[in-house]
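Listing of data_17.txt, compact mmCIF, C-alpha atoms
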# COMPACT_ATOMS: atom_id res chain seq x y z
CA MET D 16 115.76 80.24 126.03
CA ASP D 17 119.54 80.18 126.34
CA GLU D 18 121.68 81.16 123.36
CA LEU D 19 122.29 77.57 122.22
CA ASP D 20 118.58 76.77 122.20
CA TYR D 21 117.83 80.07 120.45
CA ASN D 22 120.36 79.42 117.69
CA THR D 23 119.12 75.84 117.19
CA CYS D 24 115.50 76.95 116.92
CA ASN D 25 116.47 79.87 114.68
CA ALA D 26 118.36 77.55 112.32
CA THR D 27 115.37 75.20 112.09
CA PHE D 28 112.98 78.08 111.44
CA ARG D 29 115.18 79.59 108.74
CA SER D 30 115.56 76.24 106.99
CA LEU D 31 111.80 76.11 106.43
CA THR D 32 111.23 79.59 104.97
CA ASP D 33 112.32 81.28 101.75
CA GLN D 34 112.06 84.75 103.31
CA GLN D 35 115.79 85.47 103.57
CA ARG D 36 116.51 84.41 99.99
CA LEU D 37 113.71 86.61 98.65
CA MET D 38 114.77 89.56 100.84
CA VAL D 39 118.34 89.25 99.56
CA GLU D 40 117.06 89.25 95.98
CA GLU D 41 114.96 92.37 96.56
CA THR D 42 117.73 94.20 98.44
CA SER D 43 120.24 93.34 95.69
CA ARG D 44 117.81 94.72 93.11
CA LEU D 45 117.42 97.96 95.07
CA ILE D 46 121.18 98.43 95.43
CA GLY D 47 121.84 97.58 91.79
CA ALA D 48 125.03 96.91 89.84
CA GLY D 49 128.23 98.89 90.16
CA ALA D 50 131.83 98.82 91.30
CA ASP D 51 132.27 99.24 95.06
CA LEU D 52 129.53 99.17 97.70
CA GLU D 53 129.84 100.80 101.13
CA LEU D 54 127.26 99.19 103.41
CA THR D 55 126.35 99.48 107.09
CA SER D 56 124.07 96.91 108.70
CA TYR D 57 122.34 97.79 111.97
CA GLY D 58 121.61 94.78 114.18
CA CYS D 59 123.74 92.50 111.99
CA GLY D 60 124.10 89.71 114.56
CA PHE D 61 125.99 86.72 113.16
CA GLY D 62 125.53 88.10 109.64
CA MET D 63 123.33 85.37 108.20
CA PHE D 64 121.54 87.85 105.94
CA GLU D 65 124.53 90.11 105.35
CA LEU D 66 126.89 87.34 104.22
CA GLU D 67 124.38 86.12 101.65
CA LEU D 68 123.77 89.68 100.47
CA ILE D 69 127.49 90.35 100.05
CA ALA D 70 127.81 87.20 97.96
CA ARG D 71 124.87 88.04 95.69
CA VAL D 72 124.77 91.84 95.37
CA PRO D 73 125.99 92.86 91.88
CA ARG D 74 128.95 94.94 93.09
CA ARG D 75 132.58 93.96 92.51
CA THR D 76 133.74 94.82 96.04
CA VAL D 77 132.11 95.65 99.36
CA TRP D 78 133.27 97.72 102.33
CA PHE D 79 131.15 96.47 105.21
CA GLN D 80 130.32 97.98 108.58
CA GLY D 81 128.25 95.98 111.07
CA VAL D 82 126.70 97.14 114.33
CA ASP D 83 125.25 94.91 117.04
CA THR D 84 125.17 94.76 120.84
CA ASN D 85 126.08 91.04 120.86
CA GLY D 86 129.88 90.97 121.12
CA GLU D 87 130.18 87.23 120.47
CA ALA D 88 128.13 87.53 117.28
CA ILE D 89 130.30 90.42 116.13
CA GLU D 90 133.49 88.42 116.64
CA ARG D 91 132.15 85.48 114.63
CA LEU D 92 131.03 87.77 111.83
CA ARG D 93 134.41 89.50 111.75
CA ALA D 94 136.15 86.14 111.30
CA LYS D 95 133.83 85.16 108.44
CA LEU D 96 134.26 88.49 106.66
CA ASP D 97 138.06 88.11 106.84
CA GLY D 98 137.86 85.12 104.50
CA LEU D 99 135.80 86.77 101.76
CA PRO D 100 137.79 88.09 98.78
CA LYS D 101 134.89 90.35 97.76
CA VAL D 102 135.16 92.27 101.06
CA ARG D 103 137.83 94.96 100.57
CA GLY D 104 137.47 96.16 104.16
CA GLN D 105 135.33 95.80 107.24
CA ARG D 106 134.49 97.50 110.51
CA VAL D 107 132.22 95.66 112.93
CA LEU D 108 131.30 97.27 116.21
CA THR D 109 129.81 96.05 119.46
CA ALA D 110 127.58 99.08 119.81
CA SER D 111 124.05 100.44 119.78
CA MET D 112 122.42 101.76 116.61
CA ALA D 113 123.04 105.33 117.78
CA ASP D 114 126.76 104.96 118.51
CA VAL D 115 128.78 108.00 117.43
CA ARG D 116 131.56 105.77 116.07
CA ILE D 117 129.40 104.59 113.14
CA THR D 118 130.97 105.76 109.89
CA PRO D 119 128.82 107.24 107.09
CA THR D 120 128.41 104.87 104.11
CA GLU D 121 126.44 104.81 100.88
CA TYR D 122 123.79 102.39 102.19
CA GLY D 123 122.34 101.72 105.63
CA LEU D 124 120.55 98.43 106.20
CA PHE D 125 118.02 97.43 108.88
CA VAL D 126 116.86 93.81 108.56
CA GLN D 127 114.24 92.80 111.13
CA SER D 128 115.93 95.02 113.72
CA LEU D 129 113.61 98.03 114.00
CA CYS D 130 110.65 95.96 115.20
CA TYR D 131 112.44 95.65 118.57
CA LEU D 132 112.04 99.42 119.05
CA GLY D 133 109.02 101.54 119.81
CA ALA D 134 107.94 104.14 117.27
CA ASP D 135 109.57 107.14 118.99
CA GLU D 136 112.94 105.46 119.58
CA GLY D 137 112.95 103.75 116.19
CA MET D 138 112.21 106.94 114.26
CA GLU D 139 115.02 108.71 116.12
CA VAL D 140 117.39 105.91 115.06
CA LEU D 141 116.22 106.29 111.45
CA LYS D 142 116.67 110.06 111.60
CA GLU D 143 120.30 109.64 112.64
CA ALA D 144 120.84 106.93 110.02
CA ARG D 145 119.45 109.16 107.26
CA ASN D 146 122.14 111.70 108.15
CA ARG D 147 124.86 109.04 107.73
CA HIS D 148 123.74 107.27 104.56
CA ARG D 149 122.58 108.24 101.09
CA ARG D 150 119.93 105.55 101.12
CA LEU D 151 118.34 103.22 103.67
CA VAL D 152 116.89 99.76 103.09
CA VAL D 153 114.59 98.61 105.90
CA ALA D 154 113.00 95.16 106.04
CA VAL D 155 110.23 94.63 108.60
CA THR D 156 107.38 92.17 108.86
CA PRO D 157 103.74 93.17 109.10
CA LEU D 158 102.05 92.56 112.43
CA ASN D 159 100.14 89.33 111.92
CA GLU D 160 99.13 86.11 113.63
CA LEU D 161 102.58 84.61 113.22
CA ASN D 162 104.35 87.30 115.26
CA GLY D 163 101.47 88.18 117.59
CA ALA D 164 103.15 86.50 120.58
CA PHE D 165 106.32 88.49 119.90
CA ALA D 166 104.31 91.73 119.85
CA GLU D 167 102.75 90.79 123.20
CA SER D 168 106.22 90.19 124.62
CA LEU D 169 107.36 93.63 123.45
CA ALA D 170 104.30 95.23 125.05
CA GLN D 171 105.13 93.55 128.36
CA GLN D 172 108.58 95.16 128.11
CA GLY D 173 106.97 98.58 127.71
CA ILE D 174 107.78 98.97 124.01
CA VAL D 175 105.02 101.17 122.57
CA ARG D 176 103.98 100.82 118.91
CA PRO D 177 106.92 98.69 117.75
CA LEU D 178 107.99 99.39 114.19
CA PHE D 179 106.27 96.64 112.29
CA ALA D 180 105.54 97.46 108.64
CA GLN D 181 102.25 99.35 109.02
CA THR D 182 103.52 101.48 111.92
CA LEU D 183 106.74 102.30 110.07
CA ALA D 184 104.78 103.43 106.99
CA GLU D 185 102.53 105.58 109.18
CA GLU D 186 105.50 107.21 110.94
CA LEU D 187 107.41 107.89 107.72
CA THR D 188 104.29 109.50 106.24
CA ARG D 189 103.69 111.55 109.41
CA PHE D 190 107.23 112.96 109.24
CA GLY D 191 107.03 113.63 105.48
CA VAL D 192 109.78 111.13 104.63
CA GLU D 193 109.58 109.84 101.06
CA PHE D 194 109.77 106.07 100.69
CA ARG D 195 108.86 103.17 98.46
CA SER D 196 107.99 99.73 99.70
CA VAL D 197 107.68 96.28 98.18
CA THR D 198 105.93 93.31 99.75
CA VAL D 199 108.07 90.18 99.57
CA ARG D 200 105.58 87.33 99.62
CA ALA D 201 107.65 84.71 101.36
CA GLU D 202 106.28 81.42 102.64
CA ILE D 203 107.13 78.93 105.34
CA THR D 204 106.86 75.34 104.13
CA VAL D 205 106.86 72.68 106.84
CA PRO D 206 106.81 69.03 105.64
CA VAL D 207 104.22 67.05 107.59
CA SER D 208 106.90 64.35 107.90
CA GLU D 209 109.12 66.54 110.13
CA PRO D 210 110.20 64.79 113.36
CA ALA D 211 108.85 66.02 116.68
CA HIS D 212 112.03 67.84 117.74
CA ARG D 213 112.06 69.92 114.55
CA LEU D 214 108.38 70.81 114.94
CA LEU D 215 109.05 71.86 118.53
CA GLU D 216 112.04 73.99 117.51
CA PHE D 217 109.95 75.63 114.79
CA LEU D 218 107.06 76.43 117.14
CA THR D 219 109.40 77.80 119.79
CA PHE D 220 111.07 80.25 117.42
CA ALA D 221 107.90 81.13 115.50
CA ARG D 222 106.14 82.09 118.73
CA HIS D 223 109.21 83.75 120.33
CA GLN D 224 108.54 81.90 123.56
CA PRO D 225 108.80 78.38 124.98
CA TRP D 226 106.13 75.98 123.72
CA ARG D 227 103.70 75.13 126.53
CA GLY D 228 101.46 72.67 124.72
CA GLY D 229 101.80 68.93 124.29
CA THR D 230 105.08 67.60 122.95
CA GLY D 231 103.84 64.51 121.15
CA ARG D 232 104.42 64.61 117.40
CA ALA D 233 100.69 64.61 116.55
CA GLU D 234 100.02 67.51 118.93
CA LEU D 235 102.95 69.51 117.59
CA LEU D 236 101.90 68.91 113.99
CA ASP D 237 98.34 70.02 114.78
CA ALA D 238 99.73 73.24 116.27
CA VAL D 239 101.83 73.93 113.17
CA ALA D 240 98.95 73.07 110.84
CA GLY D 241 96.78 75.58 112.69
CA MET D 242 99.12 78.35 111.55
CA GLY D 243 98.55 77.77 107.84
CA THR D 244 97.04 75.41 105.28
CA VAL D 245 97.96 71.81 104.52
CA SER D 246 98.65 71.01 100.88
CA ALA D 247 100.60 68.25 99.12
CA GLY D 248 102.22 66.98 102.29
CA HIS D 249 103.27 70.39 103.59
CA VAL D 250 101.95 73.04 105.94
CA ARG D 251 102.18 76.35 104.09
CA ILE D 252 102.28 79.51 106.21
CA PRO D 253 102.42 83.03 104.72
CA HIS D 254 105.61 84.77 105.85
CA PRO D 255 105.61 88.20 104.15
CA VAL D 256 108.06 91.01 104.79
CA GLU D 257 107.92 94.62 103.66
CA VAL D 258 111.11 96.10 102.20
CA PHE D 259 111.29 99.90 102.40
CA SER D 260 113.62 102.05 100.33
CA ILE D 261 114.20 105.46 101.94
CA GLY D 262 116.20 108.28 100.34
Just give me the structure as C-alpha cells.
Amino acid sequence: MDELDYNTCNATFRSLTDQQRLMVEETSRLIGAGADLELTSYGCGFGMFELELIARVPRRTVWFQGVDTNGEAIERLRAKLDGLPKVRGQRVLTASMADVRITPTEYGLFVQSLCYLGADEGMEVLKEARNRHRRLVVAVTPLNELNGAFAESLAQQGIVRPLFAQTLAEELTRFGVEFRSVTVRAEITVPVSEPAHRLLEFLTFARHQPWRGGTGRAELLDAVAGMGTVSAGHVRIPHPVEVFSIG
C-alpha cells in the first residue's frame, strides 16, 4: 500500500470504531485535572490521537513533544499544533524512540506504537522512557483474530514476541515493574449498507494487507460479517485495547 491508500483506508477504519474516543477518555482520566501538562508522545504520526487528547485533557495548557520517524507526518503535526491556543509550546522530532534529543517530561505516551517492536527492543525503549518521565501511559491491543494478520506480518519481519497487551503485562511483571491496566471495550460498527469501496478500505486496513478475496459488495460484506456479529443492520466487531499506567 502506498501512503495515500494507507491514509484513505486508515480514515475509513477509524470512522467505524469508537476506540480512539474511549482511549482519549481513559487517558484523560489517568492524567487528571491540573494547570500545565508536559507530554511526550512516542510514534505520534500525524497526531490524530494526540490532537484529540490535547483538546480534551483537563489541563489548562500543554507543552507537547512528539517523536516519529515519518518526517512528513511530523511537519503536518507541527503545523496543526501551531494553531492551538492550549499548546504553550511544542517540540516535534523526526527521530527514533531512543533518540538522545528527547526531553524529559511529566508524561510519556505510547499509543499503538510498541506492538511494532519485539519484547526485548520494546522493553529497552520503555526502560529509557521510564528514566525520562514521571509516568507512562501505554495503549496496546490484545493479540486477537482482528490483528492476527498483522502479527503474522511482524513475524515475517523477524520481530519476536511483539508487545501486544498480554506480552507487555508478562514482561513488566518479569522485570518487577509496577503497573495498572484497564481494558477499554471499544467496538467497530460497520453498517451493512456501506458501499463496496468502504468495505474494501476497511478490510484492507483491518487485515494490514491488501485484500485478496472477491471485490463484489456481497463478497466484501460477507468477509466483514465473518469478523463479528450482525445486529440491527450493523456488523459489530469487538475492538478492545488495554491501557497501562506505569509509574
With only C-alpha atoms as the basis for distance, which of D:Glu234, D:Glu257, D:Glu40, D:Glu136 is at the shortest distance from Pro157 (chain D)? D:Glu257
Go through D:Gly241, D:Thr42, D:Ala201, D:Leu235 and flag the residue nearest Leu215 (chain D), using only C-alpha atoms for the distances. D:Leu235
Taking (129.2, 95.3, 110.8) in the file's coordinates as the center, which residues reach within 9 Å of it, counting all atoms listed in the file, put as a count of residues only? 22
Shell of 12 Å around Leu169 (chain D), all atoms listed in the file, local chain residues under 2 positions omitted, as a list in words: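 Surrounding residues, per the criterion: Cys130, Tyr131, Leu132, Gly133, Asn162, Gly163, Ala164, Phe165, Ala166, Glu167, Gln171, Gln172, Gly173, Ile174, Val175, Arg176, Pro177, Leu178, Phe179, His223 and Gln224 of chain D.
Computed from the coordinates, the CA of Glu160 (chain D) to CA of Val192 (chain D) distance equals 28.6 Å.
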Please determine, counting all atoms listed in the file, which residue among D:Val258, D:Arg74, D:Gly231, D:Val239 has the shortest atom-to-atom distance to Thr219 (chain D).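 Using all atoms listed in the file, Thr219 (chain D) sits closest to D:Val239.
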Where atoms are missing, can you supply all heavy atoms for region 194-205 of chain D and output the lot as a tab-separated table (two decimals), in the frame of the given file?
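What landed in part30.tsv:
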chain	number	residue	atom	x	y	z
D	194	PHE	N	109.33	107.46	100.69
D	194	PHE	CA	109.77	106.07	100.69
D	194	PHE	C	108.99	105.29	99.64
D	194	PHE	O	107.92	105.72	99.18
D	194	PHE	CB	109.56	105.43	102.07
D	194	PHE	CG	108.11	105.24	102.46
D	194	PHE	CD1	107.43	104.06	102.18
D	194	PHE	CD2	107.41	106.27	103.09
D	194	PHE	CE1	106.10	103.89	102.53
D	194	PHE	CE2	106.07	106.11	103.44
D	194	PHE	CZ	105.42	104.91	103.17
D	195	ARG	N	109.55	104.18	99.27
D	195	ARG	CA	108.86	103.17	98.46
D	195	ARG	C	108.94	101.86	99.20
D	195	ARG	O	109.91	101.61	99.92
D	195	ARG	CB	109.51	103.04	97.07
D	195	ARG	CG	109.34	104.25	96.17
D	195	ARG	CD	110.07	104.05	94.85
D	195	ARG	NE	111.51	103.95	95.07
D	195	ARG	CZ	112.34	103.27	94.28
D	195	ARG	NH1	111.89	102.58	93.27
D	195	ARG	NH2	113.63	103.27	94.54
D	196	SER	N	107.94	101.03	99.04
D	196	SER	CA	107.99	99.73	99.70
D	196	SER	C	107.48	98.64	98.77
D	196	SER	O	106.64	98.87	97.91
D	196	SER	CB	107.17	99.74	101.00
D	196	SER	OG	105.79	99.90	100.73
D	197	VAL	N	108.04	97.45	98.97
D	197	VAL	CA	107.68	96.28	98.18
D	197	VAL	C	107.38	95.15	99.15
D	197	VAL	O	108.13	94.92	100.11
D	197	VAL	CB	108.84	95.86	97.24
D	197	VAL	CG1	108.50	94.55	96.53
D	197	VAL	CG2	109.12	96.95	96.23
D	198	THR	N	106.27	94.46	98.93
D	198	THR	CA	105.93	93.31	99.75
D	198	THR	C	106.60	92.06	99.18
D	198	THR	O	106.35	91.71	98.02
D	198	THR	CB	104.41	93.09	99.81
D	198	THR	OG1	103.79	94.26	100.35
D	198	THR	CG2	104.07	91.90	100.70
D	199	VAL	N	107.45	91.44	99.96
D	199	VAL	CA	108.07	90.18	99.57
D	199	VAL	C	107.20	89.05	100.11
D	199	VAL	O	107.07	88.88	101.32
D	199	VAL	CB	109.51	90.08	100.14
D	199	VAL	CG1	110.11	88.71	99.86
D	199	VAL	CG2	110.38	91.19	99.57
D	200	ARG	N	106.57	88.32	99.21
D	200	ARG	CA	105.58	87.33	99.62
D	200	ARG	C	106.26	85.97	99.87
D	200	ARG	O	106.14	85.04	99.08
D	200	ARG	CB	104.48	87.23	98.57
D	200	ARG	CG	103.79	88.57	98.34
D	200	ARG	CD	102.53	88.48	97.52
D	200	ARG	NE	101.97	89.79	97.29
D	200	ARG	CZ	101.25	90.48	98.18
D	200	ARG	NH1	101.03	89.95	99.37
D	200	ARG	NH2	100.78	91.68	97.90
D	201	ALA	N	106.96	85.94	100.97
D	201	ALA	CA	107.65	84.71	101.36
D	201	ALA	C	106.66	83.71	101.97
D	201	ALA	O	105.52	84.06	102.31
D	201	ALA	CB	108.77	85.03	102.34
D	202	GLU	N	107.13	82.48	102.11
D	202	GLU	CA	106.28	81.42	102.64
D	202	GLU	C	107.11	80.45	103.46
D	202	GLU	O	108.25	80.13	103.11
D	202	GLU	CB	105.60	80.68	101.48
D	202	GLU	CG	104.62	79.61	101.91
D	202	GLU	CD	103.98	78.90	100.73
D	202	GLU	OE1	104.72	78.26	99.93
D	202	GLU	OE2	102.76	79.00	100.58
D	203	ILE	N	106.54	80.01	104.56
D	203	ILE	CA	107.13	78.93	105.34
D	203	ILE	C	106.51	77.63	104.87
D	203	ILE	O	105.28	77.53	104.73
D	203	ILE	CB	106.85	79.12	106.85
D	203	ILE	CG1	107.48	80.42	107.34
D	203	ILE	CG2	107.39	77.94	107.65
D	203	ILE	CD1	107.01	80.84	108.72
D	204	THR	N	107.35	76.64	104.60
D	204	THR	CA	106.86	75.34	104.13
D	204	THR	C	107.37	74.26	105.06
D	204	THR	O	108.57	73.96	105.08
D	204	THR	CB	107.32	75.07	102.68
D	204	THR	OG1	106.94	76.17	101.85
D	204	THR	CG2	106.69	73.80	102.15
D	205	VAL	N	106.48	73.69	105.85
D	205	VAL	CA	106.86	72.68	106.84
D	205	VAL	C	106.36	71.31	106.37
D	205	VAL	O	105.15	71.08	106.31
D	205	VAL	CB	106.25	72.99	108.22
D	205	VAL	CG1	106.74	71.97	109.25
D	205	VAL	CG2	106.61	74.41	108.66
